[in-house]
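Participant: Got a structure here, written out as structure tokens. Questions coming.
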Amino acid sequence: MDTPLDIAKREIRESLKFSLFATHCLGVSFTTPKNKFVRTFKNAVFFTSISFIILHASSDAVNIGLTPFSVENVVPLLHTQCYAILSAIKACVLWYKKTVFQQLLTELAEIWPVPPLTAESQRSKYKSLSTLRRVHAWYFAVNIFGVWGYNLTPICKHYYRRYNGEESQIGTIWSSWYPFDKTQPVPHFFVYLFEILMGQVCVWITLSMDLLFSGMASHIVLLLHFLQSQLKSLTVLNKSEEEYHQEIVNCIKLHQRLIRFWIPSWRLVTNFSWCRLYYKLECSVGTDKT
């Protein structure tokens with residue numbers, strides 16, 4: 001029979017399944033690897049992913065230097081380069097702080113509301129988790145369809161031109177520089193495959209971080225709501241003085257543990273938000289110039 005802690009861990013994993021899936025695709029895990037082979041494989045996947053991003057950012061930097069300066073030419077390249085750099089930074093933060101995330105998820109499971117719950121508390125919990133799953137599913141789908149829209153655009157444009165009787169060759173996804181002729185069949189195939197993988201890696205990073213932080217924030221709000229409900233129940237419950245005292249002690253303990261859980265979570269979110277704010281300001285300046 002599952003213990004309350006097992007139930008809490010299962011419900012938390014289910015609520016963060018989209019984020020955990022994305023982190024797994026990056027080679028990052030918040031659980032201890034089963035053996036050395038699994039650890040080595042995950043490390044290889046992660047560092048390969050980071051290498052793809054660094055190569056793409058470097059290629060964009062060279063392309064910016066070789067492109068005649070004009071707003072319409074440089075700004076799109078600068079946008080994709082900043083996106084790649086931000087993705088690399090986010091991935092490094094995720095890797096460096098994975099033990100902190102693992103600890104936070106463990107602490108969250110220890111204070112997670114599990115049955116038996118009141119009918120009102122159960123409805124509130126179900127509503128919060130259902131809303132979170134729908135939002136995460138929507139965000140996940142938008143990002144996946146978005147990146148594959150980019151991936152398939154050169155192919156669709158090629159066949160559209162062929163349909164209209166025009167001569168055409170399949171282009172590349174990104175306007176990047178390579179130290180070889182990327183229009184040749186074999187190099188073009190590997191360049192196209194590389195750019196697909198690079199774009200998908202950036203999306204995995206975005207999904208893993210955004211969904212993880214939004215999920216943790218949603219869970220903090222849910223726990224605060226439960227704490228508020230417990231405090232309100234003290235005014236209506238018909239219990240003895242000792243039972244009231246125990247209820248108050250439980251509320252204080254939950255409040256203290258929630259604060260200890262919230263502070264490191266907030267620090268991670270704040271540090272990450274500064275990076276996102278810088279990127280958004282960079283994009284806004286580029287948009288204003290266009």
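Within each chain, counting starts at residue 1; across the structure tokens, chains are named A, B, ... in the order shown, with ligands numbered 1 upward in that order.
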Env of Ala109 of chain A: 7 Å cut, atoms = only C-alpha atoms, seq-sep filter 3 positions within chain, self excluded. Answer as a tab-separated table (two decimals) with all heavy atoms, in the first residue's frame.
Facilitator:
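Final output, around.tsv:
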```
chain	number	residue	atom	x	y	z
A	5	LEU	N	3.55	9.82	1.49
A	5	LEU	CA	4.66	10.42	0.76
A	5	LEU	C	4.74	9.89	-0.66
A	5	LEU	O	5.01	10.66	-1.60
A	5	LEU	CB	5.98	10.13	1.50
A	5	LEU	CG	7.23	10.81	0.93
A	5	LEU	CD1	7.08	12.32	0.94
A	5	LEU	CD2	8.47	10.39	1.71
A	8	ALA	N	2.02	11.61	-2.61
A	8	ALA	CA	2.40	12.99	-2.90
A	8	ALA	C	3.41	13.06	-4.04
A	8	ALA	O	3.27	13.89	-4.96
A	8	ALA	CB	2.97	13.64	-1.64
A	9	LYS	N	4.42	12.21	-4.01
A	9	LYS	CA	5.43	12.21	-5.08
A	9	LYS	C	4.80	11.88	-6.43
A	9	LYS	O	5.15	12.48	-7.45
A	9	LYS	CB	6.54	11.22	-4.75
A	9	LYS	CG	7.44	11.66	-3.60
A	9	LYS	CD	8.54	10.64	-3.35
A	9	LYS	CE	9.47	11.10	-2.24
A	9	LYS	NZ	10.55	10.12	-1.97
A	105	LEU	N	11.71	19.45	-4.77
A	105	LEU	CA	10.62	18.53	-5.07
A	105	LEU	C	10.39	17.55	-3.93
A	105	LEU	O	9.25	17.19	-3.62
A	105	LEU	CB	10.91	17.77	-6.37
A	105	LEU	CG	10.91	18.61	-7.65
A	105	LEU	CD1	11.34	17.77	-8.85
A	105	LEU	CD2	9.53	19.21	-7.90
A	106	THR	N	11.48	17.15	-3.27
A	106	THR	CA	11.34	16.27	-2.09
A	106	THR	C	10.65	16.99	-0.95
A	106	THR	O	9.75	16.44	-0.30
A	106	THR	CB	12.72	15.77	-1.65
A	106	THR	OG1	13.35	15.07	-2.74
A	106	THR	CG2	12.59	14.84	-0.46
A	112	TRP	N	2.90	18.17	0.88
A	112	TRP	CA	1.83	18.08	-0.11
A	112	TRP	C	0.54	17.57	0.53
A	112	TRP	O	0.56	16.60	1.30
A	112	TRP	CB	2.25	17.16	-1.24
A	112	TRP	CG	1.30	17.11	-2.40
A	112	TRP	CD1	0.44	16.11	-2.70
A	112	TRP	CD2	1.13	18.11	-3.40
A	112	TRP	NE1	-0.26	16.42	-3.85
A	112	TRP	CE2	0.15	17.64	-4.29
A	112	TRP	CE3	1.71	19.36	-3.63
A	112	TRP	CZ2	-0.26	18.38	-5.39
A	112	TRP	CZ3	1.29	20.09	-4.72
A	112	TRP	CH2	0.33	19.60	-5.59
```
Participant: Apply DSSP to the backbone of this structure and, from segment 30-277 of chain A, keep only the residues in helix (DSSP H, G or I); write these as JSON, numbers by chain.
Facilitator: {"A": [36, 37, 38, 39, 40, 41, 42, 43, 44, 45, 46, 47, 48, 49, 50, 51, 52, 53, 54, 55, 56, 57, 58, 59, 60, 61, 62, 63, 64, 65, 66, 71, 72, 73, 74, 75, 76, 77, 78, 79, 80, 81, 82, 83, 84, 85, 86, 87, 88, 89, 90, 91, 92, 93, 94, 95, 96, 98, 99, 100, 101, 102, 103, 104, 105, 106, 107, 108, 109, 110, 119, 120, 121, 122, 123, 124, 125, 126, 127, 128, 129, 130, 131, 132, 133, 134, 135, 136, 137, 138, 139, 140, 141, 142, 143, 144, 145, 146, 147, 148, 149, 150, 151, 152, 153, 154, 155, 156, 157, 158, 159, 160, 161, 162, 163, 185, 186, 187, 188, 189, 190, 191, 192, 193, 194, 195, 196, 197, 198, 199, 200, 201, 202, 203, 204, 205, 206, 207, 208, 209, 210, 211, 212, 213, 214, 215, 216, 217, 218, 219, 220, 221, 222, 223, 224, 225, 226, 227, 228, 229, 230, 231, 232, 233, 241, 242, 243, 244, 245, 246, 247, 248, 249, 250, 251, 252, 253, 254, 255, 256, 257, 258, 259, 260, 261, 262, 263, 264, 265, 266, 267, 268, 269, 270, 271, 272, 273, 274, 275, 276, 277]}
Participant: Rank nothing, just name the residue among A:Ser175, A:Thr3, A:Gln200, A:Ser218 nearest to Phe145 of chain A, using only C-alpha atoms.
Facilitator: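 Among the listed residues, A:Gln200 lies closest to Phe145 of chain A.
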Participant: Could you check which of A:His56, A:Lys157, A:Lys36, A:His24 is closest to Gln169 of chain A, using only C-alpha atoms?
Facilitator: A:Lys157
Participant: Given the choices A:Trp95, A:Ile111, A:Asp2, A:Val62, which gets closest to Lys42 of chain A if the distance is worked out from only C-alpha atoms?
Facilitator: A:Trp95
Participant: Find the distance between atom CA of Ile144 of chain A and atom CA of Phe18 of chain A and write it in Å to one decimal.
Facilitator: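 The value is 11.6 Å.
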Participant: Could you pull the residues within 12 Å of Thr153 of chain A, counting only C-alpha atoms, minus those fewer than 4 positions along the same chain, as a list in words?
Facilitator: Phe145, Gly146, Val147, Trp148, Gly149, Lys157, His158, Tyr159, Tyr160, Ile170, Gly171, Thr172, Ile173, Trp174, Tyr192 and Ile196 of chain A
Participant: Can you write just those residues out, N, CA and C atoms, as an mmCIF file, in the first residue's frame?
Facilitator:
```cif
data_model
loop_
_atom_site.group_PDB
_atom_site.id
_atom_site.type_symbol
_atom_site.label_atom_id
_atom_site.label_comp_id
_atom_site.auth_asym_id
_atom_site.auth_seq_id
_atom_site.Cartn_x
_atom_site.Cartn_y
_atom_site.Cartn_z
ATOM 1 N N PHE A 145 4.635 22.607 -31.853
ATOM 2 C CA PHE A 145 4.144 22.933 -33.189
ATOM 3 C C PHE A 145 4.890 24.129 -33.778
ATOM 4 N N GLY A 146 5.288 25.069 -32.921
ATOM 5 C CA GLY A 146 6.016 26.240 -33.400
ATOM 6 C C GLY A 146 7.367 25.885 -33.981
ATOM 7 N N VAL A 147 8.126 25.068 -33.252
ATOM 8 C CA VAL A 147 9.464 24.720 -33.749
ATOM 9 C C VAL A 147 9.378 23.844 -34.992
ATOM 10 N N TRP A 148 8.374 22.965 -35.043
ATOM 11 C CA TRP A 148 8.247 22.139 -36.238
ATOM 12 C C TRP A 148 7.661 22.925 -37.414
ATOM 13 N N GLY A 149 7.001 24.028 -37.116
ATOM 14 C CA GLY A 149 6.621 24.939 -38.185
ATOM 15 C C GLY A 149 7.852 25.525 -38.843
ATOM 16 N N LYS A 157 7.947 25.371 -48.609
ATOM 17 C CA LYS A 157 8.205 26.397 -49.622
ATOM 18 C C LYS A 157 8.753 25.760 -50.896
ATOM 19 N N HIS A 158 9.588 24.752 -50.734
ATOM 20 C CA HIS A 158 10.161 24.076 -51.897
ATOM 21 C C HIS A 158 9.079 23.418 -52.740
ATOM 22 N N TYR A 159 8.207 22.651 -52.090
ATOM 23 C CA TYR A 159 7.170 21.951 -52.850
ATOM 24 C C TYR A 159 6.098 22.915 -53.357
ATOM 25 N N TYR A 160 5.894 24.024 -52.686
ATOM 26 C CA TYR A 160 4.953 25.035 -53.185
ATOM 27 C C TYR A 160 5.473 25.639 -54.490
ATOM 28 N N ILE A 170 15.558 22.924 -51.717
ATOM 29 C CA ILE A 170 15.209 23.046 -50.300
ATOM 30 C C ILE A 170 16.276 23.875 -49.589
ATOM 31 N N GLY A 171 15.843 24.928 -48.922
ATOM 32 C CA GLY A 171 16.781 25.780 -48.205
ATOM 33 C C GLY A 171 17.105 25.231 -46.826
ATOM 34 N N THR A 172 17.566 26.090 -45.965
ATOM 35 C CA THR A 172 17.869 25.713 -44.583
ATOM 36 C C THR A 172 16.907 26.430 -43.637
ATOM 37 N N ILE A 173 16.857 25.944 -42.406
ATOM 38 C CA ILE A 173 15.908 26.500 -41.435
ATOM 39 C C ILE A 173 16.358 27.868 -40.957
ATOM 40 N N TRP A 174 17.655 27.985 -40.622
ATOM 41 C CA TRP A 174 18.201 29.238 -40.093
ATOM 42 C C TRP A 174 19.216 29.815 -41.072
ATOM 43 N N TYR A 192 20.749 20.518 -42.349
ATOM 44 C CA TYR A 192 19.312 20.551 -42.050
ATOM 45 C C TYR A 192 19.012 19.743 -40.786
ATOM 46 N N ILE A 196 17.545 21.183 -37.199
ATOM 47 C CA ILE A 196 16.353 20.611 -36.561
ATOM 48 C C ILE A 196 16.642 20.271 -35.106
#
```
Participant: Just the number, please: distance in Å from atom CA of Thr32 of chain A to atom CA of Ile89 of chain A, one decimal.
Facilitator: 23.2 Å
Participant: Name the closest residue to Tyr178 of chain A among the candidates A:Val191, A:Ile53, A:Val100, A:Leu86; distances are taken between atoms, counting only C-alpha atoms.
Facilitator: A:Val191
Participant: My list of candidates is A:Leu77, A:Leu104, A:Ala44, A:Ala119. Which is closest to Ser59 of chain A when distances are computed with only C-alpha atoms?
Facilitator: A:Leu77
Participant: What does the distance between atom CA of Glu120 of chain A and atom CA of Ser233 of chain A come to in Å, to one decimal place?
Facilitator: 11.5 Å
Participant: List the neighbours of Leu212 of chain A out to 9 Å using only C-alpha atoms; skip same-chain residues closer than 3 positions along the sequence, and give me the result as a list of chain:residue names.
Facilitator: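 The filter keeps A:Leu16, A:Phe18, A:Ser19, A:Leu20, A:Leu207, A:Ser208, A:Met209, A:Gly215, A:Met216, A:Ala217.
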